[in-house]
>>> print(open('structure_10.pdb').read())   # PDB, C-alpha atoms, pLDDT in the B column
ATOM      1  CA  MET A   1     104.669 110.539 104.343  1.00 84.00           C
ATOM      2  CA  LEU A   2     107.822 112.205 103.025  1.00 87.00           C
ATOM      3  CA  GLU A   3     106.017 113.181  99.828  1.00 90.00           C
ATOM      4  CA  LYS A   4     103.337 114.902 101.895  1.00 93.00           C
ATOM      5  CA  PHE A   5     106.092 116.689 103.842  1.00 91.00           C
ATOM      6  CA  ILE A   6     107.558 117.966 100.559  1.00 92.00           C
ATOM      7  CA  LYS A   7     104.129 119.129  99.352  1.00 94.00           C
ATOM      8  CA  LEU A   8     103.798 121.131 102.584  1.00 94.00           C
ATOM      9  CA  LYS A   9     107.266 122.681 102.197  1.00 94.00           C
ATOM     10  CA  THR A  10     106.004 126.233 101.633  1.00 94.00           C
ATOM     11  CA  SER A  11     103.558 126.059 104.531  1.00 95.00           C
ATOM     12  CA  ILE A  12     106.206 124.615 106.851  1.00 93.00           C
ATOM     13  CA  ARG A  13     108.694 127.329 105.927  1.00 92.00           C
ATOM     14  CA  ILE A  14     106.115 130.072 106.499  1.00 93.00           C
ATOM     15  CA  PHE A  15     105.154 128.594 109.868  1.00 92.00           C
ATOM     16  CA  LEU A  16     108.780 128.385 110.985  1.00 90.00           C
ATOM     17  CA  GLU A  17     109.361 132.003 109.977  1.00 90.00           C
ATOM     18  CA  VAL A  18     106.262 133.112 111.907  1.00 90.00           C
ATOM     19  CA  LEU A  19     107.421 131.067 114.893  1.00 90.00           C
ATOM     20  CA  LEU A  20     110.693 133.009 114.935  1.00 88.00           C
ATOM     21  CA  SER A  21     108.942 136.390 114.857  1.00 90.00           C
ATOM     22  CA  SER A  22     108.089 138.263 118.049  1.00 89.00           C
ATOM     23  CA  ASP A  23     104.363 137.629 117.513  1.00 90.00           C
ATOM     24  CA  GLY A  24     105.038 133.936 116.977  1.00 88.00           C
ATOM     25  CA  GLN A  25     107.170 133.728 120.115  1.00 88.00           C
ATOM     26  CA  ARG A  26     104.381 135.337 122.108  1.00 88.00           C
ATOM     27  CA  GLU A  27     101.653 133.160 120.594  1.00 88.00           C
ATOM     28  CA  PHE A  28     103.548 129.883 120.959  1.00 87.00           C
ATOM     29  CA  ARG A  29     105.061 130.771 124.347  1.00 86.00           C
ATOM     30  CA  ASN A  30     108.703 130.918 123.252  1.00 80.00           C
ATOM     31  CA  LYS A  31     108.706 127.498 121.597  1.00 82.00           C
ATOM     32  CA  SER A  32     111.371 127.006 118.988  1.00 81.00           C
ATOM     33  CA  LEU A  33     111.925 124.690 116.074  1.00 84.00           C
ATOM     34  CA  PRO A  34     114.988 124.644 113.837  1.00 87.00           C
ATOM     35  CA  LEU A  35     114.753 126.040 110.344  1.00 87.00           C
ATOM     36  CA  ILE A  36     115.193 123.395 107.676  1.00 91.00           C
ATOM     37  CA  PRO A  37     118.057 124.284 105.324  1.00 93.00           C
ATOM     38  CA  GLU A  38     117.665 123.851 101.571  1.00 93.00           C
ATOM     39  CA  GLU A  39     120.220 121.005 101.605  1.00 95.00           C
ATOM     40  CA  ASP A  40     117.952 119.003 103.942  1.00 94.00           C
ATOM     41  CA  TRP A  41     114.936 119.600 101.686  1.00 93.00           C
ATOM     42  CA  ALA A  42     116.997 118.289  98.754  1.00 95.00           C
ATOM     43  CA  LEU A  43     117.944 115.223 100.796  1.00 95.00           C
ATOM     44  CA  VAL A  44     114.285 114.485 101.563  1.00 94.00           C
ATOM     45  CA  GLU A  45     113.323 114.944  97.904  1.00 94.00           C
ATOM     46  CA  GLY A  46     116.137 112.617  96.773  1.00 94.00           C
ATOM     47  CA  THR A  47     115.115 110.029  99.351  1.00 94.00           C
ATOM     48  CA  CYS A  48     111.566 110.104  97.973  1.00 93.00           C
ATOM     49  CA  ILE A  49     112.864 109.369  94.481  1.00 93.00           C
ATOM     50  CA  ILE A  50     114.794 106.337  95.726  1.00 93.00           C
ATOM     51  CA  ILE A  51     111.892 105.075  97.842  1.00 93.00           C
ATOM     52  CA  ARG A  52     109.508 105.365  94.864  1.00 91.00           C
ATOM     53  CA  ILE A  53     111.743 103.000  92.871  1.00 88.00           C
ATOM     54  CA  PHE A  54     111.632 100.352  95.603  1.00 87.00           C
ATOM     55  CA  ALA A  55     107.886 100.885  96.152  1.00 87.00           C
ATOM     56  CA  LYS A  56     107.169 100.306  92.466  1.00 84.00           C
ATOM     57  CA  ALA A  57     109.361  97.181  92.384  1.00 79.00           C
ATOM     58  CA  THR A  58     107.641  95.844  95.502  1.00 80.00           C
ATOM     59  CA  GLU A  59     104.234  96.513  93.977  1.00 79.00           C
ATOM     60  CA  VAL A  60     105.122  94.697  90.754  1.00 73.00           C
ATOM     61  CA  LEU A  61     106.642  91.708  92.539  1.00 71.00           C
ATOM     62  CA  SER A  62     103.809  91.322  95.041  1.00 73.00           C
ATOM     63  CA  GLY A  63     100.961  90.762  92.597  1.00 65.00           C
ATOM     64  CA  GLU A  64      98.442  88.048  93.409  1.00 64.00           C
ATOM     65  CA  ARG A  65      97.120  87.368  89.911  1.00 65.00           C
ATOM     66  CA  PHE A  66     100.325  86.533  88.083  1.00 62.00           C
ATOM     67  CA  PRO A  67     103.406  84.442  88.799  1.00 62.00           C
ATOM     68  CA  THR A  68     105.729  87.005  90.350  1.00 64.00           C
ATOM     69  CA  PHE A  69     108.632  84.609  90.856  1.00 69.00           C
ATOM     70  CA  ILE A  70     108.827  83.973  87.104  1.00 70.00           C
ATOM     71  CA  PHE A  71     108.568  87.714  86.505  1.00 68.00           C
ATOM     72  CA  PHE A  72     111.400  88.272  88.962  1.00 70.00           C
ATOM     73  CA  LEU A  73     113.590  85.681  87.215  1.00 74.00           C
ATOM     74  CA  ASN A  74     112.943  87.297  83.836  1.00 73.00           C
ATOM     75  CA  CYS A  75     113.922  90.688  85.244  1.00 71.00           C
ATOM     76  CA  MET A  76     117.101  89.244  86.725  1.00 71.00           C
ATOM     77  CA  LEU A  77     118.037  87.715  83.367  1.00 72.00           C
ATOM     78  CA  LEU A  78     117.707  91.131  81.731  1.00 67.00           C
ATOM     79  CA  PHE A  79     120.248  92.649  84.107  1.00 67.00           C
ATOM     80  CA  TYR A  80     122.834  89.854  83.972  1.00 62.00           C
TER      81      TYR A  80
END
>>> encode(input="structure_10.pdb", output="structure tokens")
Amino acid sequence: MLEKFIKLKTSIRIFLEVLLSSDGQREFRNKSLPLIPEEDWALVEGTCIIIRIFAKATEVLSGERFPTFIFFLNCMLLFY
């Protein structure tokens, strides 16, 4: 979901800019949404990187056709 949000970054920014314009205020009946600063976009992108690591590890350790517990133990031995 966050990755999709990042892919839509340009569209979201354009929409928020239109929303702030006088035409946008008229069309959307004075609704307002906060602009998303670049620091927040970077935070979302960094979060996606971290989540991908855990998603990949979960995928590898949740296989049904191989002994994942043994695989997990082997991985643990590599790190210690």
>>> residues_around(input="structure_10.pdb", residues="Pro34 (chain A)", least_positions_apart="4", cutoff="12 Å", atoms="all atoms listed in the file", output="list in words")
Ile12, Arg13, Phe15, Leu16, Glu17, Leu19, Leu20 and Asp40 of chain A
>>> closest_residue(input="structure_10.pdb", among="A:Ile50, A:Gly24, A:Lys9, A:Ala55", to="Ile36 (chain A)", atoms="only C-alpha atoms")
A:Lys9
>>> atom_distance(input="structure_10.pdb", atom1="CA of Ile53 (chain A)", atom2="CA of Glu39 (chain A)")
21.7 Å
>>> resolve_selection(input="structure_10.pdb", expression="the PyMOL selection byres ((chain A and resi 6) around 12)", output="list in words")
Met1, Leu2, Glu3, Lys4, Phe5, Lys7, Leu8, Lys9, Thr10, Ser11, Ile12, Arg13, Ile36, Glu38, Asp40, Trp41, Ala42, Leu43, Val44, Glu45, Gly46, Thr47, Cys48 and Ile49 of chain A
>>> closest_residue(input="structure_10.pdb", among="A:Ser62, A:Ile51, A:Ala57, A:Leu33", to="Cys75 (chain A)", atoms="only C-alpha atoms")
A:Ala57
